[in-house]
file start-v6.cif (mmCIF, C-alpha atoms and all ligand atoms)
data_final
#
loop_
_atom_site.label_atom_id
_atom_site.label_comp_id
_atom_site.auth_asym_id
_atom_site.auth_seq_id
_atom_site.Cartn_x
_atom_site.Cartn_y
_atom_site.Cartn_z
CA MET A 1 -192.84 -29.51 -71.25
CA VAL A 2 -189.97 -29.85 -73.64
CA LEU A 3 -187.16 -27.47 -72.68
CA PHE A 4 -184.63 -27.11 -75.47
CA VAL A 5 -181.61 -25.50 -73.80
CA THR A 6 -179.19 -25.11 -76.70
CA GLY A 7 -178.80 -26.05 -80.36
CA ARG A 8 -175.04 -26.43 -79.92
CA CYS A 9 -173.57 -29.90 -79.96
CA ASP A 10 -170.00 -31.19 -80.35
CA ARG A 11 -171.10 -34.34 -82.16
CA SER A 12 -172.26 -34.68 -85.74
CA CYS A 13 -174.47 -37.77 -85.87
CA TRP A 14 -175.55 -38.33 -89.47
CA TYR A 15 -179.13 -39.05 -88.33
CA CYS A 16 -179.43 -35.87 -86.21
CA PRO A 17 -183.07 -34.75 -86.39
CA LEU A 18 -182.46 -31.13 -85.33
CA SER A 19 -184.05 -28.56 -87.63
CA SER A 20 -181.79 -26.06 -89.41
CA GLU A 21 -183.63 -23.34 -87.51
CA ARG A 22 -182.31 -24.66 -84.19
CA LYS A 23 -179.09 -26.49 -85.08
CA GLY A 24 -175.99 -24.66 -83.87
CA THR A 25 -177.95 -21.77 -82.30
CA ASP A 26 -177.88 -20.97 -78.61
CA ILE A 27 -181.52 -20.10 -78.14
CA VAL A 28 -183.69 -21.66 -75.42
CA TYR A 29 -187.17 -22.89 -76.35
CA ALA A 30 -189.93 -23.96 -73.99
CA ASN A 31 -192.06 -26.17 -76.26
CA GLU A 32 -192.24 -24.07 -79.46
CA HIS A 33 -191.66 -20.70 -77.78
CA PRO A 34 -188.26 -18.95 -77.64
CA VAL A 35 -187.33 -18.04 -74.07
CA ASP A 36 -185.39 -14.82 -73.36
CA ILE A 37 -185.78 -14.82 -69.60
CA PRO A 38 -186.46 -17.79 -67.28
CA ALA A 39 -189.85 -16.37 -66.24
CA GLN A 40 -191.12 -17.09 -69.78
CA MET A 41 -190.28 -20.76 -69.29
CA ILE A 42 -192.27 -20.87 -66.06
CA GLU A 43 -195.17 -19.18 -67.84
CA GLU A 44 -195.15 -21.82 -70.60
CA ALA A 45 -195.00 -24.62 -68.01
CA GLU A 46 -197.92 -23.00 -66.17
CA ASN A 47 -199.86 -22.65 -69.42
CA MET A 48 -199.79 -26.39 -69.99
CA SER A 49 -199.98 -27.44 -66.30
CA ALA A 50 -196.72 -29.30 -66.88
CA LEU A 51 -196.17 -32.27 -64.61
CA GLY A 52 -192.62 -32.73 -65.80
CA THR A 53 -189.95 -31.41 -68.14
CA GLY A 54 -187.63 -33.03 -70.65
CA ILE A 55 -184.34 -31.13 -71.05
CA THR A 56 -183.06 -31.53 -74.57
CA GLY A 57 -180.84 -29.93 -77.23
CA GLY A 58 -178.24 -29.98 -78.96
CA GLU A 59 -176.09 -31.06 -76.05
CA PRO A 60 -177.51 -29.80 -72.74
CA LEU A 61 -174.30 -30.52 -70.84
CA LEU A 62 -172.50 -27.88 -72.94
CA CYS A 63 -174.47 -25.37 -70.86
CA LEU A 64 -174.70 -27.14 -67.53
CA ASP A 65 -175.02 -23.85 -65.59
CA ARG A 66 -178.12 -23.02 -67.61
CA VAL A 67 -179.55 -26.49 -67.05
CA ILE A 68 -179.00 -26.15 -63.29
CA LEU A 69 -180.60 -22.70 -63.22
CA TYR A 70 -183.71 -23.79 -65.14
CA CYS A 71 -184.12 -27.03 -63.21
CA ARG A 72 -183.81 -25.20 -59.90
CA LEU A 73 -186.48 -22.71 -60.96
CA LEU A 74 -188.82 -25.52 -62.05
CA LYS A 75 -188.36 -27.46 -58.82
CA GLU A 76 -188.82 -24.30 -56.72
CA HIS A 77 -191.95 -23.30 -58.60
CA PHE A 78 -193.68 -26.67 -59.04
CA GLY A 79 -192.15 -28.65 -56.17
CA THR A 80 -189.77 -31.60 -56.13
CA GLU A 81 -192.44 -33.85 -57.64
CA HIS A 82 -192.07 -32.03 -60.99
CA GLN A 83 -190.20 -34.79 -62.84
CA ILE A 84 -187.20 -33.66 -64.85
CA HIS A 85 -185.33 -35.85 -67.31
CA LEU A 86 -182.29 -34.85 -69.31
CA TYR A 87 -181.00 -36.16 -72.64
CA THR A 88 -177.28 -36.17 -73.22
CA ALA A 89 -174.87 -37.68 -75.71
CA LYS A 90 -172.06 -37.25 -73.16
CA ALA A 91 -171.23 -39.65 -70.35
CA PRO A 92 -171.51 -37.32 -67.34
CA GLY A 93 -168.82 -37.77 -64.69
CA ASP A 94 -168.99 -37.36 -60.91
CA ASP A 95 -168.73 -33.57 -61.03
CA GLU A 96 -171.57 -33.12 -63.55
CA LEU A 97 -173.74 -35.71 -61.81
CA GLY A 98 -173.09 -34.04 -58.45
CA GLN A 99 -174.28 -30.69 -59.80
CA MET A 100 -177.47 -32.24 -61.20
CA LYS A 101 -178.29 -34.30 -58.11
CA GLY A 102 -181.65 -33.35 -56.61
CA LEU A 103 -182.57 -31.28 -59.69
CA VAL A 104 -182.58 -33.83 -62.51
CA ASP A 105 -184.45 -37.03 -61.69
CA GLU A 106 -183.63 -39.12 -64.72
CA ILE A 107 -180.79 -39.17 -67.26
CA ARG A 108 -181.25 -40.51 -70.78
CA LEU A 109 -177.87 -41.30 -72.32
CA HIS A 110 -177.44 -41.28 -76.06
CA PRO A 111 -174.25 -43.24 -76.85
CA PRO A 112 -173.31 -42.46 -80.47
CA TYR A 113 -173.85 -45.20 -82.99
CA GLU A 114 -170.12 -45.76 -83.53
CA CYS A 115 -169.63 -47.10 -80.00
CA TRP A 116 -172.57 -49.50 -79.77
CA ASN A 117 -170.37 -52.49 -80.72
CA LYS A 118 -168.17 -51.92 -77.64
CA ILE A 119 -170.76 -50.42 -75.32
CA LEU A 120 -169.46 -52.18 -72.17
CA ASP A 121 -166.04 -50.59 -72.65
CA THR A 122 -167.37 -47.06 -72.88
CA ASP A 123 -167.70 -44.30 -70.28
CA TYR A 124 -171.49 -44.59 -70.68
CA ILE A 125 -171.55 -47.70 -68.52
CA LEU A 126 -169.34 -46.08 -65.88
CA SER A 127 -171.61 -43.06 -65.97
CA ALA A 128 -174.73 -45.23 -65.68
CA LYS A 129 -173.29 -47.03 -62.63
CA ARG A 130 -172.33 -43.79 -60.85
CA ALA A 131 -175.67 -42.16 -61.70
CA LYS A 132 -177.51 -45.15 -60.23
CA GLU A 133 -175.42 -45.02 -57.04
CA MET A 134 -176.22 -41.32 -56.71
CA GLY A 135 -179.96 -41.93 -56.95
CA PHE A 136 -180.76 -40.99 -60.56
CA ASP A 137 -182.98 -43.10 -62.78
CA ILE A 138 -180.72 -43.98 -65.67
CA GLY A 139 -181.42 -45.19 -69.16
CA ILE A 140 -180.33 -45.10 -72.77
CA GLU A 141 -182.40 -43.45 -75.49
CA VAL A 142 -181.38 -43.98 -79.10
CA PRO A 143 -182.90 -43.86 -82.57
CA ALA A 144 -183.78 -47.16 -84.24
CA LEU A 145 -180.78 -48.08 -86.41
CA PRO A 146 -179.53 -51.41 -87.70
CA GLY A 147 -177.44 -53.07 -84.96
CA LEU A 148 -179.61 -52.04 -81.99
CA GLU A 149 -179.10 -55.51 -80.48
CA LEU A 150 -175.47 -54.50 -79.79
CA LEU A 151 -176.90 -52.57 -76.83
CA ILE A 152 -178.29 -55.69 -75.10
CA PRO A 153 -175.19 -56.10 -72.87
CA ALA A 154 -175.85 -52.63 -71.41
CA LEU A 155 -179.32 -53.56 -70.09
CA PRO A 156 -178.23 -54.82 -66.63
CA TYR A 157 -176.80 -51.35 -65.88
CA LEU A 158 -179.94 -49.47 -66.88
CA ASP A 159 -183.45 -48.82 -65.59
CA PHE A 160 -184.78 -48.57 -69.15
CA LEU A 161 -183.78 -48.36 -72.78
CA ASN A 162 -185.94 -46.25 -75.10
CA ILE A 163 -185.87 -46.62 -78.86
CA ASN A 164 -187.25 -43.82 -81.02
CA GLU A 165 -188.33 -44.71 -84.51
CA LEU A 166 -185.75 -43.25 -86.90
CA GLU A 167 -187.13 -40.06 -88.45
CA TRP A 168 -186.59 -38.43 -91.78
CA GLY A 169 -186.00 -34.68 -91.48
CA GLU A 170 -184.94 -31.71 -93.60
CA THR A 171 -181.38 -31.82 -92.21
CA ASN A 172 -180.73 -35.57 -92.47
CA ALA A 173 -182.59 -36.35 -95.72
CA TYR A 174 -179.38 -36.39 -97.80
CA GLN A 175 -177.70 -38.83 -95.41
CA MET A 176 -180.82 -41.02 -95.36
CA ARG A 177 -180.85 -41.20 -99.15
CA GLU A 178 -177.11 -41.94 -99.25
CA ARG A 179 -177.75 -44.99 -97.07
CA GLY A 180 -180.64 -46.13 -99.20
CA TYR A 181 -183.33 -45.49 -96.59
CA GLU A 182 -186.86 -44.67 -97.65
CA LEU A 183 -189.95 -43.25 -96.00
CA ALA A 184 -192.39 -45.90 -94.78
CA ASP A 185 -195.34 -43.89 -96.15
CA GLU A 186 -196.17 -40.42 -97.39
CA LEU A 187 -197.88 -39.28 -94.21
CA HIS A 188 -195.23 -39.78 -91.54
CA ASN A 189 -191.48 -39.23 -91.11
CA ALA A 190 -190.83 -42.87 -90.18
CA ILE A 191 -188.22 -44.87 -92.11
CA GLU A 192 -189.10 -48.12 -93.81
CA GLY A 193 -187.78 -51.09 -91.80
CA ALA A 194 -186.90 -49.16 -88.62
CA LYS A 195 -189.29 -51.20 -86.50
CA GLY A 196 -187.67 -54.44 -87.67
CA TRP A 197 -184.23 -53.28 -86.49
CA ALA A 198 -185.65 -52.89 -82.99
CA GLU A 199 -187.44 -56.25 -82.87
CA GLU A 200 -184.85 -58.28 -80.99
CA LEU A 201 -184.12 -55.57 -78.41
CA CYS A 202 -187.84 -54.95 -77.84
CA ARG A 203 -188.22 -58.48 -76.43
CA HIS A 204 -186.56 -57.29 -73.22
CA ASP A 205 -188.68 -55.91 -70.37
CA LYS A 206 -186.71 -52.71 -69.91
CA VAL A 207 -187.03 -51.71 -73.55
CA HIS A 208 -189.68 -49.29 -74.82
CA TRP A 209 -190.48 -48.44 -78.41
CA CYS A 210 -191.69 -44.93 -79.31
CA SER A 211 -193.13 -44.67 -82.79
CA SER A 212 -192.76 -41.55 -84.88
CA ALA A 213 -196.55 -41.36 -85.21
CA PHE A 214 -196.93 -41.42 -81.41
CA LYS A 215 -194.41 -38.63 -80.95
CA ASP A 216 -195.85 -36.57 -83.81
CA SER A 217 -199.49 -36.83 -83.08
CA VAL A 218 -200.38 -38.26 -79.67
CA GLN A 219 -197.77 -36.41 -77.59
CA LEU A 220 -198.22 -33.15 -79.48
CA ARG A 221 -202.01 -33.33 -79.33
CA GLU A 222 -201.99 -33.97 -75.58
CA ARG A 223 -199.65 -31.05 -75.01
CA LEU A 224 -201.77 -28.72 -77.15
CA LYS A 225 -204.94 -29.77 -75.32
CA ARG A 226 -203.41 -28.93 -71.95
CA ILE A 227 -202.21 -25.53 -73.18
CA ALA A 228 -205.57 -24.79 -74.82
CA LYS A 229 -207.46 -25.66 -71.66
CA ASN A 230 -205.42 -23.15 -69.66
CA THR A 231 -205.16 -20.30 -72.15
CA ALA A 232 -208.27 -20.31 -74.39
CA ARG A 233 -210.53 -17.27 -74.16
CA LEU A 234 -214.23 -17.79 -73.43
CA PHE A 235 -215.06 -17.56 -77.13
CA ASP A 236 -212.22 -19.73 -78.43
CA GLU A 237 -213.49 -23.15 -79.42
CA ILE A 238 -211.05 -25.93 -78.50
CA THR A 239 -210.93 -28.72 -81.09
CA PRO A 240 -210.28 -32.42 -80.28
CA ASP A 241 -206.74 -31.85 -81.64
CA GLY A 242 -206.04 -29.11 -79.10
CA THR A 243 -206.13 -26.25 -81.61
CA VAL A 244 -208.40 -23.22 -81.06
CA VAL A 245 -210.89 -21.72 -83.50
CA TYR A 246 -212.25 -18.18 -83.46
CA GLY A 247 -213.59 -15.54 -85.84
CA VAL A 248 -211.81 -12.35 -86.89
CA LEU A 249 -213.41 -9.16 -88.15
CA GLU A 250 -211.25 -6.48 -89.76
CA PRO A 251 -213.67 -3.54 -90.08
CA PRO A 252 -212.84 -0.53 -92.26
CA LEU A 253 -211.16 1.97 -89.90
CA VAL A 254 -214.04 4.46 -90.12
CA GLN A 255 -216.52 1.78 -89.08
CA LYS A 256 -214.53 0.20 -86.27
CA LYS A 257 -216.40 2.16 -83.59
CA VAL A 258 -219.80 1.18 -85.01
CA CYS A 259 -218.78 -2.47 -85.16
CA THR A 260 -217.48 -2.39 -81.57
CA GLN A 261 -220.77 -0.86 -80.41
CA PHE A 262 -222.73 -3.51 -82.32
CA CYS A 263 -220.75 -6.26 -80.54
CA GLU A 264 -221.27 -4.60 -77.15
CA GLN A 265 -225.04 -4.37 -77.69
CA GLU A 266 -225.67 -7.73 -79.34
CA PHE A 267 -223.18 -10.12 -77.74
CA GLU A 268 -222.60 -11.40 -74.22
CA PRO A 269 -219.54 -9.99 -72.42
CA GLY A 270 -216.61 -12.34 -72.99
CA SER A 271 -217.76 -13.42 -76.43
CA PHE A 272 -215.59 -10.90 -78.28
CA GLU A 273 -212.39 -8.92 -77.80
CA VAL A 274 -211.04 -5.80 -79.54
CA CYS A 275 -207.43 -6.53 -80.55
CA GLY A 276 -205.95 -3.40 -82.15
CA ASP A 277 -207.67 -2.88 -85.49
CA ARG A 278 -209.49 -6.19 -85.40
CA ILE A 279 -212.30 -7.68 -83.39
CA GLU A 280 -211.96 -11.32 -82.42
CA LEU A 281 -215.09 -13.24 -81.47
CA ALA A 282 -216.79 -16.62 -81.41
CA TRP A 283 -216.63 -17.91 -84.99
CA TRP A 284 -220.30 -18.82 -85.04
CA LEU A 285 -221.32 -15.31 -83.90
CA LEU A 286 -219.30 -13.84 -86.74
CA GLU A 287 -220.87 -16.24 -89.22
CA LYS A 288 -224.39 -15.54 -87.94
CA ASN A 289 -223.96 -11.73 -87.96
CA ALA A 290 -221.82 -11.48 -91.08
CA ASP A 291 -224.32 -9.29 -92.94
CA ASP A 292 -224.41 -6.68 -90.13
CA LEU A 293 -220.64 -6.45 -89.72
CA PRO A 294 -218.76 -4.70 -92.54
CA GLY A 295 -215.16 -5.58 -93.37
CA LYS A 296 -212.97 -8.59 -93.94
CA LYS A 297 -214.19 -11.66 -92.04
CA TYR A 298 -212.55 -15.01 -91.54
CA VAL A 299 -212.25 -17.96 -89.17
CA ILE A 300 -208.82 -18.90 -87.80
CA GLU A 301 -207.70 -22.26 -86.49
CA ARG A 302 -204.34 -22.17 -84.72
CA TYR A 303 -202.21 -23.75 -82.03
CA PRO A 304 -203.28 -22.36 -78.63
CA ASN A 305 -201.77 -19.33 -76.90
CA GLY A 306 -201.06 -17.44 -80.12
CA GLY A 307 -199.29 -20.39 -81.74
CA MET A 308 -198.92 -21.42 -85.39
CA VAL A 309 -201.89 -20.73 -87.69
CA VAL A 310 -203.23 -24.00 -89.13
CA GLU A 311 -206.03 -22.71 -91.34
CA VAL A 312 -207.75 -19.46 -92.34
CA THR A 313 -211.24 -19.73 -93.81
CA PRO A 314 -212.81 -16.56 -95.29
CA ILE A 315 -216.47 -15.85 -94.53
S1 LIG B 401 -175.81 -35.82 -80.16
FE1 LIG B 401 -177.96 -35.36 -80.60
S2 LIG B 401 -177.98 -33.17 -81.08
FE2 LIG B 401 -175.85 -33.84 -81.19
S3 LIG B 401 -175.53 -34.33 -83.34
FE3 LIG B 401 -176.08 -36.23 -82.31
S4 LIG B 401 -178.33 -36.39 -82.56
FE4 LIG B 401 -177.76 -34.25 -83.02
#
call {"tool": "encode", "arguments": {"input": "start-v6.cif", "output": "structure tokens"}}
result
Amino acid sequence: MVLFVTGRCDRSCWYCPLSSERKGTDIVYANEHPVDIPAQMIEEAENMSALGTGITGGEPLLCLDRVILYCRLLKEHFGTEHQIHLYTAKAPGDDELGQMKGLVDEIRLHPPYECWNKILDTDYILSAKRAKEMGFDIGIEVPALPGLELLIPALPYLDFLNINELEWGETNAYQMRERGYELADELHNAIEGAKGWAEELCRHDKVHWCSSAFKDSVQLRERLKRIAKNTARLFDEITPDGTVVYGVLEPPLVQKKVCTQFCEQEFEPGSFEVCGDRIELAWWLLEKNADDLPGKKYVIERYPNGGMVVEVTPI
């Protein structure tokens, strides 16, 4: 699960990928769902049978108390084996590390671009050493930018170094254009040349490359599939992409009762559900019985658990 704990951040990296919807806000999201109370986060983790959680932001250490609270709840609910990693652009000191000990398993430091050329003189190395001594797994995670090889001297102090392919987004597009960067193709958010900047660093064993396509499609699809498996109704069809497909009937109000009775008589229990003024049912049942069911009829494909609608096809 991705737990976004705040959109606040005291840095202003020009490549920041945060959406304008989240940037600067103080709302918590578990995957795509806003969280008002911690129980909603546990519910989302349950829905996807989460094996671990990535704490992200904004800057999570600006709300350390919140991070501690959520991590404690996750560990209490799922057990200590629920792996938790935390992203931060700060270099946490002894006090912050002490508070996270036993709750956060792994810390992913994001040293800002401006300090890569003197990485050994920064607090990030001190922080990495202390974190290691205290039992955390410690690494660096940065976007692919020219000059990545400046981070090579940091490798002996780290368990891993992750490079994320630089991504074009609505909030950094102007900065990207200013620097002369271009999209690699029209389908993805990846920047032309980003992989080349990472080439030298990627020769080292501890270094991992995460492509934009992998993050966009493979990780998202796997997460959707897990959520769909746990939350789909009997009549929801789960697609290979992890979305769900079902039919919707909006009968004229005066005929709603007749339509409900028709469904009760003709269909197996569990193959339809009355949801307010609409009846939701297996899409193929709706298609097959379209002539007997008056009203507006369509097939919906959406992210599972009431998520974003991908497509609506009228019948
Ligand atoms: S530290 Fe992260 S969240 Fe903050 S501005 Fe930089 S990229 Fe954005």
call {"tool": "residues_around", "arguments": {"input": "start-v6.cif", "residues": "A:Asp277", "least_positions_apart": "4", "cutoff": "9 Å", "atoms": "only C-alpha atoms", "output": "mmCIF file with C-alpha atoms, in the coordinates of the input"}}
result
data_model
loop_
_atom_site.group_PDB
_atom_site.id
_atom_site.type_symbol
_atom_site.label_atom_id
_atom_site.label_comp_id
_atom_site.auth_asym_id
_atom_site.auth_seq_id
_atom_site.Cartn_x
_atom_site.Cartn_y
_atom_site.Cartn_z
ATOM 1 C CA LEU A 249 -213.410 -9.160 -88.150
ATOM 2 C CA GLU A 250 -211.250 -6.480 -89.760
ATOM 3 C CA PRO A 251 -213.670 -3.540 -90.080
ATOM 4 C CA PRO A 252 -212.840 -0.530 -92.260
ATOM 5 C CA LEU A 253 -211.160 1.970 -89.900
ATOM 6 C CA LYS A 256 -214.530 0.200 -86.270
#
call {"tool": "residues_near_ligand", "arguments": {"input": "start-v6.cif", "ligand": "ligand LIG 401 (chain B)", "cutoff": "6 Å", "atoms": "all atoms listed in the file", "output": "list in words"}}
result
Cys9, Arg11, Ser12, Cys13, Cys16, Gly57, Gly58, Glu59 and Ala89 of chain A
call {"tool": "closest_residue", "arguments": {"input": "start-v6.cif", "among": "A:Glu106, A:Glu200, A:Glu186, A:Glu96", "to": "A:Ala144", "atoms": "all atoms listed in the file"}}
result
A:Glu200
call {"tool": "residues_around", "arguments": {"input": "start-v6.cif", "residues": "A:Trp116", "least_positions_apart": "3", "cutoff": "10 Å", "atoms": "all atoms listed in the file", "output": "MDAnalysis selection string"}}
result
chainID A and resid 111:113 119:122 147:154
call {"tool": "residues_around", "arguments": {"input": "start-v6.cif", "residues": "A:Asn172", "least_positions_apart": "5", "cutoff": "9 Å", "atoms": "all atoms listed in the file", "output": "number ranges by chain"}}
result
A: 14-18, 167, 177
call {"tool": "atom_distance", "arguments": {"input": "start-v6.cif", "atom1": "atom CA of A:Phe235", "atom2": "atom CA of A:Ser271"}}
result
5.0 Å
call {"tool": "residues_around", "arguments": {"input": "start-v6.cif", "residues": "A:Glu81", "least_positions_apart": "6", "cutoff": "10 Å", "atoms": "all atoms listed in the file", "output": "ChimeraX atom specification"}}
result
/A:51-52,75,105
call {"tool": "atom_distance", "arguments": {"input": "start-v6.cif", "atom1": "atom CA of A:Pro146", "atom2": "atom CA of A:Ala131"}}
result
27.9 Å
call {"tool": "closest_residue", "arguments": {"input": "start-v6.cif", "among": "A:Leu161, A:Leu86, A:Leu201, A:Ile315", "to": "A:Glu287", "atoms": "all atoms listed in the file"}}
result
A:Ile315
call {"tool": "atom_distance", "arguments": {"input": "start-v6.cif", "atom1": "atom CA of A:Leu74", "atom2": "atom CA of A:Arg108"}}
result
18.9 Å
call {"tool": "residues_around", "arguments": {"input": "start-v6.cif", "residues": "stretch 183-185 of chain A", "least_positions_apart": "2", "cutoff": "12 Å", "atoms": "all atoms listed in the file", "output": "VMD selection string"}}
result
chain A and resid 165 to 169 173 176 to 177 180 to 181 187 to 195 212 to 213
